[in-house]
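start_17.cif follows; it contains mmCIF, C-alpha atoms and all ligand atoms.
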```cif
data_start
loop_
_atom_site.label_atom_id
_atom_site.label_comp_id
_atom_site.auth_asym_id
_atom_site.auth_seq_id
_atom_site.Cartn_x
_atom_site.Cartn_y
_atom_site.Cartn_z
CA MET A 1 107.25 69.91 100.64
CA ASP A 2 109.97 72.54 100.28
CA VAL A 3 108.95 76.10 101.10
CA ILE A 4 110.94 79.27 100.57
CA PHE A 5 110.02 81.77 103.26
CA VAL A 6 111.06 85.39 102.88
CA SER A 7 112.23 87.20 106.02
CA PRO A 8 111.83 84.41 108.59
CA GLY A 9 113.12 86.57 111.44
CA TYR A 10 111.34 89.88 111.00
CA PRO A 11 108.76 91.17 111.94
CA THR A 12 108.55 89.38 115.27
CA GLU A 13 105.73 86.98 114.42
CA MET A 14 107.48 85.52 111.37
CA PRO A 15 109.24 82.74 113.34
CA GLU A 16 105.77 81.51 114.36
CA PHE A 17 104.80 81.00 110.72
CA VAL A 18 108.09 79.18 110.14
CA ARG A 19 107.24 76.98 113.13
CA GLY A 20 103.79 76.33 111.65
CA LEU A 21 105.28 75.22 108.34
CA SER A 22 107.74 72.86 109.96
CA MET A 23 105.00 71.49 112.25
CA VAL A 24 102.90 70.42 109.27
CA GLY A 25 105.88 68.65 107.75
CA ALA A 26 107.46 71.17 105.38
CA ARG A 27 111.15 71.90 104.99
CA VAL A 28 111.54 75.67 105.26
CA TRP A 29 114.26 77.61 103.45
CA GLY A 30 114.62 81.17 104.70
CA VAL A 31 115.71 84.18 102.67
CA GLY A 32 116.35 87.42 104.50
CA ASP A 33 118.66 90.34 105.07
CA GLN A 34 119.57 89.49 108.66
CA THR A 35 122.71 87.48 109.35
CA ALA A 36 121.96 83.85 110.14
CA GLY A 37 123.29 84.43 113.64
CA ALA A 38 120.83 87.24 114.28
CA LEU A 39 117.76 85.11 113.51
CA PRO A 40 115.47 84.51 116.48
CA HIS A 41 115.86 81.11 118.10
CA MET A 42 112.46 79.82 116.95
CA ALA A 43 113.22 80.64 113.31
CA LYS A 44 116.64 78.95 113.50
CA ARG A 45 115.15 75.85 115.02
CA HIS A 46 112.62 75.35 112.26
CA LEU A 47 114.64 76.37 109.20
CA SER A 48 116.39 73.80 107.03
CA GLY A 49 118.60 76.45 105.46
CA TYR A 50 119.03 80.18 105.17
CA LEU A 51 120.26 82.55 102.49
CA GLN A 52 121.30 86.02 103.55
CA VAL A 53 120.85 88.67 100.85
CA PRO A 54 122.22 92.23 100.98
CA ASN A 55 118.90 94.00 100.44
CA LEU A 56 115.39 92.48 100.35
CA PHE A 57 114.11 95.54 98.52
CA ASP A 58 116.37 94.92 95.51
CA GLU A 59 113.99 92.44 93.91
CA THR A 60 116.02 91.67 90.80
CA ASP A 61 119.10 90.90 92.84
CA VAL A 62 117.20 88.74 95.33
CA VAL A 63 115.55 86.73 92.54
CA ALA A 64 118.96 86.08 90.92
CA ARG A 65 120.56 85.02 94.21
CA VAL A 66 117.70 82.71 95.18
CA ARG A 67 117.74 81.12 91.73
CA GLN A 68 121.39 80.34 92.09
CA TRP A 69 120.96 79.08 95.64
CA VAL A 70 118.12 76.77 94.64
CA GLY A 71 119.92 75.44 91.58
CA ARG A 72 118.17 72.34 90.33
CA ARG A 73 116.36 71.59 93.55
CA ARG A 74 112.58 71.69 93.41
CA VAL A 75 110.64 74.33 95.32
CA ASP A 76 106.95 73.74 96.10
CA ARG A 77 105.92 77.07 97.63
CA VAL A 78 107.17 80.60 98.10
CA GLU A 79 105.63 82.36 101.08
CA VAL A 80 105.99 86.06 101.82
CA LEU A 81 103.90 87.62 104.56
CA GLY A 82 105.33 91.15 104.74
CA GLU A 83 103.42 93.83 102.83
CA PHE A 84 106.47 95.39 101.17
CA TRP A 85 107.76 92.07 99.84
CA MET A 86 104.55 90.78 98.29
CA VAL A 87 105.74 91.53 94.76
CA LEU A 88 109.15 90.02 95.49
CA GLY A 89 107.34 86.82 96.49
CA ALA A 90 105.36 86.83 93.25
CA ARG A 91 108.53 87.38 91.20
CA LEU A 92 110.21 84.49 92.99
CA ARG A 93 107.23 82.25 92.22
CA GLU A 94 107.36 83.17 88.56
CA ALA A 95 111.13 82.65 88.38
CA LEU A 96 110.98 79.26 90.11
CA HIS A 97 107.72 78.13 88.43
CA VAL A 98 105.88 77.80 91.70
CA ALA A 99 102.07 78.00 92.04
CA GLY A 100 100.45 80.86 93.96
CA LEU A 101 99.85 84.58 93.40
CA THR A 102 101.64 85.95 90.33
CA VAL A 103 102.88 89.54 89.98
CA GLU A 104 99.71 90.39 88.07
CA GLU A 105 97.50 88.82 90.76
CA THR A 106 99.43 90.56 93.54
CA LEU A 107 98.86 94.04 92.13
CA PRO A 108 95.26 94.47 93.37
CA PHE A 109 96.54 93.75 96.88
CA ARG A 110 99.33 96.31 96.69
CA ASP A 111 98.01 99.18 94.58
CA LYS A 112 95.12 100.84 96.40
CA GLU A 113 93.66 102.16 93.13
CA VAL A 114 93.71 98.91 91.16
CA MET A 115 92.24 97.29 94.28
CA LYS A 116 89.28 99.65 94.40
CA GLN A 117 88.67 99.57 90.66
CA ARG A 118 88.38 95.80 90.80
CA LEU A 119 85.97 96.01 93.71
CA ASP A 120 83.90 98.80 92.13
CA ALA A 121 83.44 96.52 89.14
CA ALA A 122 82.11 93.86 91.51
CA GLY A 123 79.59 96.30 92.99
CA ILE A 124 81.37 96.77 96.33
CA ARG A 125 81.09 100.16 98.03
CA THR A 126 84.51 101.85 98.15
CA PRO A 127 85.27 105.46 99.07
CA ARG A 128 85.18 107.73 95.98
CA HIS A 129 88.76 107.60 94.80
CA CYS A 130 91.36 108.80 92.27
CA ARG A 131 94.97 108.09 91.45
CA ALA A 132 97.22 111.19 91.26
CA ARG A 133 100.83 111.54 90.15
CA THR A 134 101.33 115.31 90.39
CA GLU A 135 100.13 118.12 92.62
CA GLY A 136 97.97 119.26 89.70
CA GLU A 137 96.31 115.85 89.57
CA ILE A 138 95.78 115.86 93.34
CA ARG A 139 94.03 119.25 93.11
CA ALA A 140 91.86 118.04 90.23
CA ALA A 141 90.98 114.87 92.17
CA ALA A 142 90.05 116.95 95.22
CA GLU A 143 87.75 119.03 93.07
CA LYS A 144 85.97 115.88 91.91
CA ILE A 145 85.82 114.11 95.27
CA GLY A 146 85.20 117.04 97.60
CA PHE A 147 86.36 117.70 101.18
CA PRO A 148 87.07 116.30 103.69
CA LEU A 149 89.35 113.81 101.97
CA ILE A 150 92.27 111.47 102.54
CA LEU A 151 95.65 111.67 100.82
CA LYS A 152 97.89 108.62 101.10
CA PRO A 153 100.60 106.72 99.23
CA ILE A 154 99.11 104.31 96.72
CA ALA A 155 101.15 101.43 98.16
CA GLY A 156 101.38 102.53 101.79
CA ALA A 157 101.20 100.70 105.09
CA GLY A 158 100.80 101.50 108.75
CA SER A 159 99.06 104.85 108.05
CA ALA A 160 102.44 106.31 107.05
CA ASN A 161 102.18 109.67 105.25
CA THR A 162 98.39 109.48 105.40
CA HIS A 163 96.54 112.76 105.83
CA ARG A 164 92.98 113.80 106.51
CA VAL A 165 92.43 117.12 104.74
CA GLU A 166 89.57 119.45 105.62
CA ASP A 167 89.78 122.03 102.87
CA ALA A 168 91.84 123.39 99.98
CA ARG A 169 94.05 125.50 102.25
CA ARG A 170 94.98 122.56 104.46
CA MET A 171 95.66 120.53 101.35
CA GLU A 172 98.24 123.02 100.10
CA ALA A 173 100.02 122.70 103.46
CA VAL A 174 100.08 118.90 103.20
CA LEU A 175 101.21 118.62 99.56
CA PRO A 176 104.94 119.17 100.23
CA GLN A 177 104.95 116.12 102.53
CA LEU A 178 103.82 113.93 99.62
CA ARG A 179 106.50 115.11 97.21
CA GLY A 180 108.61 112.01 97.65
CA VAL A 181 105.64 109.73 96.89
CA ALA A 182 105.38 108.66 93.24
CA GLU A 183 101.64 108.06 93.30
CA VAL A 184 98.98 109.23 95.69
CA SER A 185 95.53 107.84 96.37
CA VAL A 186 92.94 110.60 96.89
CA GLU A 187 89.83 109.36 98.70
CA GLU A 188 86.53 110.53 100.05
CA PHE A 189 86.87 110.64 103.85
CA ILE A 190 84.63 108.03 105.46
CA ASP A 191 83.53 108.83 109.00
CA GLY A 192 82.84 105.82 111.17
CA GLU A 193 84.20 102.94 113.21
CA GLU A 194 86.95 100.82 111.72
CA PHE A 195 87.16 97.02 111.76
CA THR A 196 89.22 94.26 110.23
CA PHE A 197 88.00 91.17 108.44
CA ASP A 198 90.79 88.61 108.44
CA THR A 199 90.51 85.25 106.77
CA LEU A 200 92.14 81.89 106.43
CA THR A 201 91.05 80.92 102.96
CA CYS A 202 91.47 77.47 101.39
CA HIS A 203 90.73 76.82 97.70
CA GLY A 204 88.88 80.15 97.65
CA HIS A 205 86.62 79.21 100.59
CA ILE A 206 86.84 81.14 103.84
CA ARG A 207 87.43 78.54 106.54
CA TYR A 208 88.05 80.93 109.43
CA HIS A 209 87.41 84.63 109.83
CA ASN A 210 88.30 87.14 112.48
CA VAL A 211 86.81 90.59 113.06
CA ALA A 212 88.83 93.05 115.11
CA TRP A 213 87.81 96.52 116.20
CA TYR A 214 90.33 99.37 116.16
CA ARG A 215 89.97 101.75 119.10
CA PRO A 216 90.49 104.45 117.98
CA ARG A 217 90.83 104.45 114.19
CA PRO A 218 94.44 103.83 113.10
CA LEU A 219 94.93 107.30 111.63
CA ILE A 220 93.87 108.94 114.89
CA ALA A 221 96.09 106.55 116.86
CA ARG A 222 99.01 107.47 114.65
CA THR A 223 98.39 111.20 114.99
CA ASN A 224 98.24 111.40 118.80
CA GLU A 225 101.18 110.10 120.77
CA TRP A 226 99.37 110.07 124.13
CA ILE A 227 96.90 107.43 122.94
CA SER A 228 97.41 103.75 123.82
CA PRO A 229 95.87 102.20 120.70
CA GLN A 230 93.74 99.08 121.13
CA VAL A 231 92.87 96.27 118.75
CA ILE A 232 90.08 94.00 119.98
CA ALA A 233 89.44 90.65 118.32
CA LEU A 234 85.71 90.13 118.78
CA LYS A 235 84.17 86.93 120.07
CA ASN A 236 80.74 87.53 118.59
CA VAL A 237 81.61 87.95 114.92
CA ASP A 238 78.10 86.92 113.90
CA GLN A 239 76.30 89.84 115.53
CA ALA A 240 73.93 91.86 113.35
CA ALA A 241 76.03 95.05 113.58
CA LEU A 242 78.94 93.36 111.80
CA ARG A 243 76.95 91.43 109.23
CA GLY A 244 77.41 93.98 106.44
CA GLY A 245 81.19 93.94 106.83
CA VAL A 246 81.39 90.16 106.97
CA GLU A 247 79.25 89.82 103.84
CA MET A 248 81.35 92.41 102.06
CA GLY A 249 84.49 90.52 103.06
CA HIS A 250 83.21 87.35 101.40
CA LYS A 251 82.44 89.29 98.21
CA VAL A 252 85.91 90.87 98.20
CA ILE A 253 87.67 87.50 98.41
CA GLU A 254 85.55 86.28 95.54
CA ALA A 255 86.04 89.40 93.41
CA LEU A 256 89.83 89.23 93.74
CA GLY A 257 89.91 85.47 93.21
CA PHE A 258 92.06 84.91 96.29
CA ARG A 259 92.59 81.21 96.90
CA ASP A 260 94.95 80.07 99.62
CA GLY A 261 96.32 81.64 102.76
CA PHE A 262 95.73 84.61 105.01
CA THR A 263 94.05 87.86 104.03
CA HIS A 264 93.65 91.03 106.07
CA MET A 265 90.89 93.47 105.17
CA GLU A 266 89.87 96.75 106.77
CA TRP A 267 86.39 98.26 106.52
CA TYR A 268 84.40 101.18 107.86
CA LEU A 269 81.00 101.16 109.55
CA LYS A 270 79.25 104.51 109.32
CA ALA A 271 76.83 105.80 111.94
CA ASP A 272 73.92 105.25 109.52
CA GLY A 273 74.90 101.59 109.18
CA GLU A 274 76.46 101.85 105.75
CA VAL A 275 79.49 99.62 105.25
CA VAL A 276 82.46 100.86 103.18
CA PHE A 277 85.52 98.92 102.03
CA GLY A 278 88.89 100.16 103.30
CA GLU A 279 91.69 97.98 101.99
CA ILE A 280 92.89 94.39 101.74
CA GLY A 281 96.28 92.72 102.05
CA GLY A 282 97.03 89.27 100.66
CA ARG A 283 98.78 88.42 103.89
CA PRO A 284 97.99 88.17 107.62
CA PRO A 285 97.54 91.29 109.75
CA GLY A 286 100.65 92.45 111.62
CA ALA A 287 101.17 93.75 115.15
CA ARG A 288 100.68 90.24 116.60
CA GLN A 289 97.03 90.06 115.54
CA VAL A 290 97.42 86.40 114.56
CA ASP A 291 98.42 85.68 118.17
CA GLN A 292 95.21 87.48 119.13
CA MET A 293 93.25 84.98 117.05
CA ASN A 294 94.95 82.17 118.97
CA TYR A 295 94.02 83.74 122.29
CA ALA A 296 90.42 84.18 121.08
CA CYS A 297 89.94 80.57 120.00
CA ASP A 298 92.72 78.65 121.78
CA PHE A 299 93.92 77.21 118.51
CA ASP A 300 97.04 77.55 116.37
CA ALA A 301 96.33 79.85 113.43
CA PHE A 302 100.01 79.73 112.40
CA ALA A 303 99.87 75.97 111.88
CA GLU A 304 96.44 76.11 110.21
CA TRP A 305 97.78 78.70 107.77
CA ALA A 306 100.72 76.40 107.05
CA ARG A 307 98.45 73.38 106.52
CA ILE A 308 96.44 75.35 103.98
CA VAL A 309 99.39 76.63 101.96
CA CYS A 310 101.22 73.28 102.04
CA TRP A 311 98.48 70.68 101.84
CA GLY A 312 95.28 72.55 100.92
CA ARG A 313 93.58 71.53 104.16
CA PHE A 314 92.20 73.36 107.19
CA GLU A 315 91.79 71.33 110.36
CA GLY A 316 91.29 74.03 112.99
CA ARG A 317 88.42 73.68 115.46
CA VAL A 318 87.05 77.18 115.71
CA GLN A 319 85.56 77.78 119.12
CA ARG A 320 85.17 81.46 119.83
CA LYS A 321 85.72 81.75 123.56
CA TYR A 322 87.07 85.22 124.25
CA ASN A 323 87.22 88.83 123.19
CA VAL A 324 90.92 89.66 123.08
CA ALA A 325 92.33 93.17 123.44
CA THR A 326 95.88 94.20 122.64
CA ILE A 327 96.83 97.56 124.12
CA PHE A 328 99.94 99.20 122.68
CA LYS A 329 101.86 101.47 125.03
CA ARG A 330 104.00 104.50 124.29
CA ALA A 331 106.46 105.67 126.91
CA MET A 332 106.30 109.21 128.27
CA GLY A 333 109.51 111.12 127.62
CA GLU A 334 112.44 110.27 125.37
CA GLY A 335 115.46 108.01 125.72
CA ARG A 336 115.63 104.89 127.85
CA ILE A 337 112.73 103.31 129.71
CA VAL A 338 113.47 104.00 133.37
CA ARG A 339 110.29 102.87 135.09
CA ILE A 340 107.04 101.01 134.45
CA GLY A 341 104.17 102.04 136.69
CA GLY A 342 100.84 100.42 137.52
CA ALA A 343 101.68 96.89 136.41
CA GLU A 344 101.55 95.23 139.85
CA GLN A 345 98.06 96.48 140.67
CA LEU A 346 96.64 95.55 137.25
CA ARG A 347 98.16 92.07 137.41
CA LYS A 348 96.51 91.52 140.74
CA GLU A 349 93.11 92.68 139.49
CA PHE A 350 93.13 90.93 136.11
CA GLY A 351 94.48 87.57 137.25
CA PRO A 352 94.22 84.95 134.49
CA TYR A 353 92.57 87.38 132.08
CA LEU A 354 95.93 89.05 131.51
CA VAL A 355 97.46 86.64 129.02
CA TRP A 356 100.55 88.33 127.61
CA GLU A 357 102.87 91.05 128.86
CA ASN A 358 105.26 92.20 126.18
CA LEU A 359 106.60 95.64 127.12
CA LEU A 360 110.13 96.78 126.43
CA PRO A 361 112.09 96.11 129.62
CA VAL A 362 113.46 98.89 131.80
CA GLY A 363 116.82 99.99 130.42
CA SER A 364 115.96 99.65 126.72
CA MET A 365 115.71 102.59 124.33
CA ARG A 366 112.12 103.50 123.55
CA ARG A 367 111.04 103.18 119.94
CA ASN A 368 110.04 105.89 117.50
CA TRP A 369 106.26 105.73 117.95
CA LEU A 370 105.63 106.91 114.38
CA GLN A 371 107.59 104.03 112.91
CA THR A 372 106.19 101.09 114.78
CA LEU A 373 102.70 99.68 115.23
CA VAL A 374 103.68 97.83 118.40
CA SER A 375 105.05 101.02 119.99
CA ASP A 376 107.01 100.31 123.21
CA GLY A 377 105.27 97.01 123.64
CA PHE A 378 101.84 95.80 124.61
CA TRP A 379 99.66 93.85 126.98
CA VAL A 380 97.00 91.40 125.90
CA VAL A 381 93.87 90.80 127.97
CA ARG A 382 90.90 88.59 127.21
CA HIS A 383 87.42 87.99 128.56
CA PRO A 384 84.25 86.27 127.37
CA GLU A 385 82.27 89.50 127.95
CA LEU A 386 83.11 92.34 125.59
CA SER A 387 82.27 95.07 128.10
CA VAL A 388 84.65 93.57 130.69
CA CYS A 389 87.36 93.15 128.07
CA MET A 390 86.97 96.81 127.07
CA GLU A 391 87.10 97.96 130.68
CA MET A 392 90.33 96.08 131.23
CA ALA A 393 91.78 97.47 128.01
CA ASP A 394 90.92 101.01 129.03
CA ARG A 395 92.52 100.46 132.44
CA VAL A 396 95.74 99.33 130.73
CA GLY A 397 95.56 102.45 128.58
CA ARG A 398 95.18 104.73 131.59
CA ASP A 399 97.02 103.07 134.46
CA LEU A 400 99.96 101.25 132.91
CA THR A 401 102.67 103.82 132.29
CA LEU A 402 106.17 103.64 130.86
CA PHE A 403 108.54 106.48 131.68
CA ALA A 404 111.62 107.25 129.59
CA ARG A 405 114.46 109.65 130.31
CA GLY A 406 117.75 111.00 128.87
CA THR A 407 119.90 108.97 126.47
N1 LIG B 501 88.92 107.03 102.82
C1 LIG B 501 89.21 107.06 104.12
N2 LIG B 501 88.30 107.55 105.00
C2 LIG B 501 88.59 107.59 106.32
N3 LIG B 501 89.74 107.20 106.86
C3 LIG B 501 90.68 106.70 106.04
C4 LIG B 501 90.48 106.60 104.63
N4 LIG B 501 91.59 106.08 104.08
C5 LIG B 501 92.46 105.88 105.08
N5 LIG B 501 91.92 106.25 106.27
C6 LIG B 501 92.57 106.18 107.59
O1 LIG B 501 93.95 105.98 107.42
C7 LIG B 501 94.35 104.68 107.89
C8 LIG B 501 95.39 104.10 106.96
O2 LIG B 501 94.86 103.93 105.66
P1 LIG B 501 94.86 102.55 104.92
O3 LIG B 501 94.15 102.71 103.63
O4 LIG B 501 94.36 101.50 105.84
O5 LIG B 501 96.40 102.37 104.59
P2 LIG B 501 97.59 101.56 105.31
O6 LIG B 501 97.02 100.86 106.51
O7 LIG B 501 98.03 100.62 104.25
O8 LIG B 501 98.57 102.62 105.66
C9 LIG B 501 93.04 103.90 107.95
O9 LIG B 501 93.14 102.86 108.89
C10 LIG B 501 92.03 104.97 108.35
O10 LIG B 501 92.08 105.24 109.74
MG MG B 502 95.32 99.91 106.80
#
```
Exercise: express the given structure as C-alpha cells:
Amino acid sequence: MDVIFVSPGYPTEMPEFVRGLSMVGARVWGVGDQTAGALPHMAKRHLSGYLQVPNLFDETDVVARVRQWVGRRRVDRVEVLGEFWMVLGARLREALHVAGLTVEETLPFRDKEVMKQRLDAAGIRTPRHCRARTEGEIRAAAEKIGFPLILKPIAGAGSANTHRVEDARRMEAVLPQLRGVAEVSVEEFIDGEEFTFDTLTCHGHIRYHNVAWYRPRPLIARTNEWISPQVIALKNVDQAALRGGVEMGHKVIEALGFRDGFTHMEWYLKADGEVVFGEIGGRPPGARQVDQMNYACDFDAFAEWARIVCWGRFEGRVQRKYNVATIFKRAMGEGRIVRIGGAEQLRKEFGPYLVWENLLPVGSMRRNWLQTLVSDGFWVVRHPELSVCMEMADRVGRDLTLFARGT
C-alpha cells in the first residue's frame, strides 16, 4: 500500500495522519512545500520519502513533478486533507490513475454554490443562496434573498472575508472588500446555534460521527478579538435536540455520494428547532478537532481514518466517555508573549480534567488572530458532564490570560 500524502508537515495535525497511515501498514510518500529538514519529527519518522515542490498552489506544476518522481512505481492512494489542496489531490489521482474523489466529484465540496444546488435537489434545507460574479450580481441577489444576508467567497475557509450585512447601505460599504474575490456566495442569514457533524465514512456508510458545538458562532468569534472561542465535542450526540442535524448529515453524505474517509459538515439549529445546512468539506475538521474526538472516546481516529482509506475497514470501538472543550486564546497586546496568567490556579482546580495545554510559550511572537483558527494556542478540558465541561471552558476563557508586549 503506497500512499501519496500532500503536505505531511502542515497544518500541525498532519503528522498524526501520516502516523496513522504508517501504523496500518502503508508506505507514505510526502509531497509538500517545506524543506525536508523542516518537517516535524513525527512526519519524518513515518514517511518513506518526500518530494519538496516550490509551490503547492501551482497545481499543474505539482502534478508534473509528482508524475516524474513516481515514474513507473505504482501508487495506491492520494490523500489530501487541507481544504485548499482538495482539487490538487483530485488532479493527482486522475494523473496517476488512482481511485478516490475525482476533480468533478470534489467540486461540490469546494464550491459552496454547487454544494447547495446538489443538496437542494436532494430536498435538504439550505439557506436561500445565489452565486455572484460582479457587484451588480451581488445587488440583484440581495434583492432576491433579502436582508440580513451573508456575503462570502464561494471557495472560502476559516470565515475569511465573510460578512453579515444588515441592509443595502452596509452592503455598499462591504462590497470593496470583496473586489479581489472572483465569485461570491450570497446567502440568507440564518440565526441560530452552530454545530459540526463530522464523519468517518467507509464504503459510503457512516461508521463514526462527532457533533461539536461552536461557542460562539465562528463568524462572531472571528469578528471580536477579545473572545476566546470554544469548540465542544459533545458526548451525548444522540440527544433529541441534535437529531435533526444528525439525520441531515446522513442525507448529505448520501446525496453527495461520499464514500471513504473523513468529512466535516457545519449546520445551524434555529430557535424554532429548524435545522439548516451550512457547509461540508471532504476532509477532517481542522484546529485539532480530530484530537478532540480522541479525547472524547479514548480511541485513535487518525489510525481509523487510515484503515478506512487503505483497507476499507473501520475497527474503532466507539465509547463516548467525555465532552471535550478546546478553548483558543488570544494574547492581549501586540508583539511577544511576556506572561501567562491564571494557569497555576486552573491546573490545580481542574486536575486530570485538563488534558492538553498547548499555548505559545513566553518569548514567542503572538500570531495574527485573523489568520489562524488556533490563535495563540489552546487548552483542552474534558468531563463526562456537559455543564461541568462548559464551566471549565468558560473559566479558561476568563481566567487564563496571555500578555504580549513590544517587538
Ligand atoms: N447563511 C449563513 N447564515 C448565518 N451565518 C453564516 C451563514 N454563512 C456563513 N455564516 C457564518 O460564517 C461562518 C463561515 O462560513 P462558512 O460557510 O462556514 O465558510 P468557511 O468556514 O468555509 O469560511 C459560519 O461558520 C457562520 O458563522
Ligand atoms: Mg465553515
request  = Could you give me the residues within 10 Å of ligand LIG 501 (chain B), counting all atoms listed in the file, as a ChimeraX atom specification?
outcome  = /A:83,110-112,126-129,148-164,185-196,214,216-222,265-268,276-281
Selection to disk with C-alpha atoms, as a CSV table (one decimal), keeping the file's coordinate frame:
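After the write, again-v2.csv holds the following:
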```
chain,number,residue,atom,x,y,z
A,83,GLU,CA,103.4,93.8,102.8
A,110,ARG,CA,99.3,96.3,96.7
A,111,ASP,CA,98.0,99.2,94.6
A,112,LYS,CA,95.1,100.8,96.4
A,126,THR,CA,84.5,101.8,98.2
A,127,PRO,CA,85.3,105.5,99.1
A,128,ARG,CA,85.2,107.7,96.0
A,129,HIS,CA,88.8,107.6,94.8
A,148,PRO,CA,87.1,116.3,103.7
A,149,LEU,CA,89.4,113.8,102.0
A,150,ILE,CA,92.3,111.5,102.5
A,151,LEU,CA,95.6,111.7,100.8
A,152,LYS,CA,97.9,108.6,101.1
A,153,PRO,CA,100.6,106.7,99.2
A,154,ILE,CA,99.1,104.3,96.7
A,155,ALA,CA,101.2,101.4,98.2
A,156,GLY,CA,101.4,102.5,101.8
A,157,ALA,CA,101.2,100.7,105.1
A,158,GLY,CA,100.8,101.5,108.8
A,159,SER,CA,99.1,104.8,108.0
A,160,ALA,CA,102.4,106.3,107.0
A,161,ASN,CA,102.2,109.7,105.2
A,162,THR,CA,98.4,109.5,105.4
A,163,HIS,CA,96.5,112.8,105.8
A,164,ARG,CA,93.0,113.8,106.5
A,185,SER,CA,95.5,107.8,96.4
A,186,VAL,CA,92.9,110.6,96.9
A,187,GLU,CA,89.8,109.4,98.7
A,188,GLU,CA,86.5,110.5,100.0
A,189,PHE,CA,86.9,110.6,103.8
A,190,ILE,CA,84.6,108.0,105.5
A,191,ASP,CA,83.5,108.8,109.0
A,192,GLY,CA,82.8,105.8,111.2
A,193,GLU,CA,84.2,102.9,113.2
A,194,GLU,CA,87.0,100.8,111.7
A,195,PHE,CA,87.2,97.0,111.8
A,196,THR,CA,89.2,94.3,110.2
A,214,TYR,CA,90.3,99.4,116.2
A,216,PRO,CA,90.5,104.4,118.0
A,217,ARG,CA,90.8,104.4,114.2
A,218,PRO,CA,94.4,103.8,113.1
A,219,LEU,CA,94.9,107.3,111.6
A,220,ILE,CA,93.9,108.9,114.9
A,221,ALA,CA,96.1,106.6,116.9
A,222,ARG,CA,99.0,107.5,114.6
A,265,MET,CA,90.9,93.5,105.2
A,266,GLU,CA,89.9,96.8,106.8
A,267,TRP,CA,86.4,98.3,106.5
A,268,TYR,CA,84.4,101.2,107.9
A,276,VAL,CA,82.5,100.9,103.2
A,277,PHE,CA,85.5,98.9,102.0
A,278,GLY,CA,88.9,100.2,103.3
A,279,GLU,CA,91.7,98.0,102.0
A,280,ILE,CA,92.9,94.4,101.7
A,281,GLY,CA,96.3,92.7,102.0
```
request  = Might you pull out every residue within 12 Å of Ala121 in chain A, with only C-alpha atoms counted and same-chain residues fewer than 3 positions away left off, and present them as a list in words?
outcome  = Val114, Met115, Lys116, Gln117, Arg118, Ile124, Arg125, Thr126, Lys251, Val252, Ala255 and Leu256 of chain A
Expected file contents, prior selection, C-alpha atoms, as a PDB file, in the coordinates of the input:
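Output below, filename selection-v2.pdb:
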```pdb
ATOM      1  CA  VAL A 114      93.710  98.910  91.160  1.00  0.00           C
ATOM      2  CA  MET A 115      92.240  97.290  94.280  1.00  0.00           C
ATOM      3  CA  LYS A 116      89.280  99.650  94.400  1.00  0.00           C
ATOM      4  CA  GLN A 117      88.670  99.570  90.660  1.00  0.00           C
ATOM      5  CA  ARG A 118      88.380  95.800  90.800  1.00  0.00           C
ATOM      6  CA  ILE A 124      81.370  96.770  96.330  1.00  0.00           C
ATOM      7  CA  ARG A 125      81.090 100.160  98.030  1.00  0.00           C
ATOM      8  CA  THR A 126      84.510 101.850  98.150  1.00  0.00           C
ATOM      9  CA  LYS A 251      82.440  89.290  98.210  1.00  0.00           C
ATOM     10  CA  VAL A 252      85.910  90.870  98.200  1.00  0.00           C
ATOM     11  CA  ALA A 255      86.040  89.400  93.410  1.00  0.00           C
ATOM     12  CA  LEU A 256      89.830  89.230  93.740  1.00  0.00           C
TER      13      LEU A 256
END
```
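Separating CA of Trp29 in chain A from CA of Glu16 in chain A is a distance of 14.4 Å.
What separates CA of Arg27 in chain A from CA of Tyr208 in chain A is a distance of 25.2 Å.
Considering the residues A:Gly406, A:Gly341, A:Pro352, A:Pro285 and counting only C-alpha atoms and all ligand atoms, ligand MG 502 (chain B) has its shortest atom-to-atom contact with A:Pro285.
If only C-alpha atoms and all ligand atoms are the atoms counted, then among A:Ile138, A:Met14, A:Ile340, A:Ala287 the closest residue to ligand MG 502 (chain B) is A:Ala287.
Closest approach to ligand MG 502 (chain B) among A:Val181, A:Trp379, A:Phe350, A:Phe109 is made by A:Phe109 (distances from all atoms listed in the file).
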